[in-house]
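So this one's structure30.tsv, TSV, C-alpha atoms and all ligand atoms:
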```tsv
chain	number	residue	atom	x	y	z
A	290	MET	CA	113.07	135.19	4.07
A	291	VAL	CA	110.50	132.72	5.40
A	292	SER	CA	113.02	129.97	6.13
A	293	LEU	CA	115.26	132.22	8.19
A	294	SER	CA	112.30	133.53	10.15
A	295	LEU	CA	111.34	129.92	10.96
A	296	PHE	CA	114.80	129.36	12.44
A	297	GLU	CA	114.20	132.44	14.59
A	298	LYS	CA	110.65	131.41	15.57
A	299	LEU	CA	111.88	127.95	16.55
A	300	HIS	CA	114.73	129.49	18.59
A	301	VAL	CA	117.27	127.32	16.81
A	302	HIS	CA	120.56	127.55	18.72
A	303	LYS	CA	123.43	129.22	16.86
A	304	LYS	CA	125.53	126.09	17.46
A	305	ALA	CA	122.82	123.73	16.12
A	306	CYS	CA	123.88	121.32	13.36
A	307	ILE	CA	121.90	122.38	10.32
A	308	LEU	CA	121.50	120.47	7.05
A	309	ASP	CA	120.06	122.39	4.11
A	310	VAL	CA	118.87	119.76	1.65
A	311	GLY	CA	118.91	120.94	-1.96
A	312	GLY	CA	120.41	124.20	-0.78
A	313	GLY	CA	122.98	124.61	-3.53
A	314	ASP	CA	120.75	126.96	-5.45
A	315	SER	CA	119.66	128.97	-2.44
A	316	THR	CA	121.00	131.94	-0.49
A	317	LEU	CA	119.69	130.59	2.81
A	318	VAL	CA	123.27	129.62	3.70
A	319	ASP	CA	124.33	133.26	3.26
A	320	ASP	CA	121.53	134.37	5.60
A	321	LEU	CA	122.36	131.68	8.16
A	322	LEU	CA	126.04	132.68	8.20
A	323	ARG	CA	125.11	136.32	8.56
A	324	ALA	CA	122.75	135.43	11.41
A	325	GLY	CA	125.65	133.72	13.22
A	326	PHE	CA	124.87	130.02	12.75
A	327	GLU	CA	128.08	128.08	13.08
A	328	ASP	CA	127.47	124.50	11.94
A	329	ILE	CA	125.89	124.52	8.50
A	330	THR	CA	125.98	121.77	5.90
A	331	VAL	CA	124.60	122.32	2.42
A	332	LEU	CA	123.79	119.26	0.36
A	333	ASP	CA	122.82	119.27	-3.28
A	334	ILE	CA	122.79	116.74	-6.07
A	335	LEU	CA	124.21	119.28	-8.53
A	336	GLU	CA	127.92	119.97	-8.24
A	337	LEU	CA	127.42	123.10	-10.33
A	338	ALA	CA	124.92	124.52	-7.82
A	339	VAL	CA	127.31	123.83	-4.92
A	340	GLU	CA	130.25	125.37	-6.78
A	341	ARG	CA	128.22	128.48	-7.62
A	342	ALA	CA	127.25	128.94	-3.97
A	343	ARG	CA	130.86	128.44	-2.83
A	344	ARG	CA	132.09	131.02	-5.33
A	345	ARG	CA	129.40	133.49	-4.27
A	346	LEU	CA	130.39	133.15	-0.62
A	347	GLY	CA	134.14	133.46	-1.23
A	348	THR	CA	136.16	132.87	1.94
A	349	GLN	CA	132.92	132.56	3.95
A	350	ALA	CA	132.37	129.24	2.14
A	351	ASP	CA	135.07	127.69	4.35
A	352	ARG	CA	132.69	128.03	7.30
A	353	VAL	CA	130.24	125.62	5.61
A	354	LYS	CA	130.38	121.88	4.91
A	355	TRP	CA	129.43	121.11	1.32
A	356	ILE	CA	128.14	117.75	0.17
A	357	VAL	CA	127.34	116.77	-3.40
A	358	SER	CA	124.95	113.86	-3.12
A	359	ASP	CA	121.54	112.58	-4.04
A	360	ILE	CA	119.60	112.87	-0.77
A	361	ARG	CA	118.10	109.44	-1.46
A	362	LYS	CA	121.59	107.91	-1.23
A	363	PHE	CA	122.97	110.15	1.52
A	364	LYS	CA	124.19	108.29	4.58
A	365	PRO	CA	124.89	110.88	7.28
A	366	ASP	CA	127.90	110.22	9.48
A	367	ARG	CA	126.50	112.49	12.17
A	368	THR	CA	123.16	113.67	13.46
A	369	TYR	CA	121.60	117.00	12.57
A	370	ASP	CA	119.45	119.15	14.83
A	371	VAL	CA	117.64	120.72	11.89
A	372	TRP	CA	116.97	119.40	8.41
A	373	HIS	CA	115.82	122.23	6.21
A	374	ASP	CA	114.20	121.66	2.85
A	375	ARG	CA	112.39	124.04	0.58
A	376	ALA	CA	111.27	122.87	-2.82
A	377	THR	CA	113.35	119.69	-2.94
A	378	PHE	CA	111.49	116.83	-1.25
A	379	HIS	CA	108.21	117.60	-2.95
A	380	PHE	CA	109.91	116.94	-6.30
A	381	LEU	CA	110.95	113.55	-4.95
A	382	LEU	CA	107.39	112.87	-3.80
A	383	SER	CA	106.07	113.72	-7.26
A	384	GLU	CA	108.72	111.47	-8.76
A	385	MET	CA	107.80	108.62	-6.39
A	386	LYS	CA	104.12	109.07	-7.23
A	387	PHE	CA	105.06	109.06	-10.89
A	388	VAL	CA	107.08	105.87	-10.49
A	389	SER	CA	104.34	104.11	-8.54
A	390	MET	CA	101.72	105.26	-11.07
A	391	ARG	CA	103.92	103.94	-13.86
A	392	LYS	CA	104.19	100.59	-12.04
A	393	LEU	CA	100.41	100.49	-11.92
A	394	LEU	CA	99.86	101.58	-15.48
A	395	VAL	CA	102.71	99.94	-17.36
A	396	ARG	CA	102.44	96.22	-16.96
A	397	PRO	CA	104.99	93.92	-18.62
B	1	LIG	C1	113.86	124.11	-6.70
B	1	LIG	S1	115.53	124.07	-6.08
B	1	LIG	C2	115.27	124.70	-4.45
B	1	LIG	C3	116.51	125.35	-3.93
B	1	LIG	C4	116.43	125.92	-2.52
B	1	LIG	N1	116.12	124.92	-1.52
B	1	LIG	C5	115.49	127.08	-2.43
B	1	LIG	O1	114.59	127.06	-1.61
B	1	LIG	O2	115.65	128.04	-3.20
B	1	LIG	C6	115.76	122.33	-5.79
B	1	LIG	C7	117.21	122.00	-5.45
B	1	LIG	O3	117.25	120.65	-5.02
B	1	LIG	C8	118.31	119.98	-5.68
B	1	LIG	N2	117.93	118.55	-5.78
B	1	LIG	C9	117.00	118.01	-6.58
B	1	LIG	N3	116.91	116.68	-6.39
B	1	LIG	C10	117.82	116.39	-5.40
B	1	LIG	C11	118.21	115.18	-4.76
B	1	LIG	N4	117.66	114.01	-5.09
B	1	LIG	N5	119.15	115.24	-3.78
B	1	LIG	C12	119.73	116.42	-3.45
B	1	LIG	N6	119.40	117.60	-4.04
B	1	LIG	C13	118.46	117.59	-5.00
B	1	LIG	C14	118.46	120.69	-7.00
B	1	LIG	O4	119.75	120.53	-7.57
B	1	LIG	C15	118.16	122.15	-6.62
B	1	LIG	O5	119.31	122.85	-6.22
```
Could the structure of this file be written out as structure tokens, please?
Amino acid sequence: MVSLSLFEKLHVHKKACILDVGGGDSTLVDDLLRAGFEDITVLDILELAVERARRRLGTQADRVKWIVSDIRKFKPDRTYDVWHDRATFHFLLSEMKFVSMRKLLVRP
């Protein structure tokens, strides 16, 4: 998996605090656990996606922190060494572009 290989290429420490944004629908967390990373947080806006991932991981899920939140409203109570995102923020960018275009195009 490309994401996991990036962690390896960047020599991310196994104790690094990792936040996987929009990771509820991804198996990156499985790969990170298998690779020995110890401090993983998965955040997703969809409770269903988080629940599915937790169920898939079984008891291994207890080694992960799970957050259901919209990343735009997320106020971290700690710092993270690595923020990982694949295919989440670009949706937000498209949405922001859409909103700003709409502001331009739709005048009251
Ligand atoms: C296309 S999936 C990508 C999943 C995963 N990162 C991967 O690479 O397979 C996008 C994920 O981002 C989540 N998502 C979308 N908007 C979000 C937001 N505003 N805050 C947090 N998560 C969001 C979705 O629920 C979904 O699980």
Open item on the list: What does the list of residues within 9 Å of ligand LIG 1 (chain B) look like if you count only C-alpha atoms and all ligand atoms, written as an NGL selection string?
Closed with: :A and (292 or 309-317 or 332-339 or 357-363 or 373-378 or 380-381)
Mind working out the centre and edge lengths of an axis-aligned box for range 303-315 of chain A, all listed atoms inside, 6 Å added to each side, rounded to one decimal in Å and written as AutoDock Vina command-line options?
```
--center_x 122.2 --center_y 124.5 --center_z 6.0 --size_x 18.7 --size_y 21.5 --size_z 34.9
```
- [ ] Can you work out which one of A:Asp366, A:Asp319, A:Phe296, A:Asp328 has the shortest atom-to-atom distance to Gly347 in chain A, counting only C-alpha atoms?
- [x]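 Of the candidates, the smallest distance to Gly347 in chain A is held by A:Asp319.
By chain and then residue number, the residues within 12 Å of Gly325 in chain A are Leu293, Phe296, Glu297, Val301, His302, Lys303, Lys304, Ala305, Val318, Asp319, Asp320, Leu321, Leu322, Asp328, Ile329, Gln349 and Arg352 of chain A, counting only C-alpha atoms and disregarding those fewer than 3 positions away in sequence.
Between CA of Val371 in chain A and CA of Leu295 in chain A lies a distance of 11.2 Å.
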Task: Between CA of Lys364 in chain A and CA of Glu327 in chain A, distance in Å (one decimal) - done: 21.9 Å
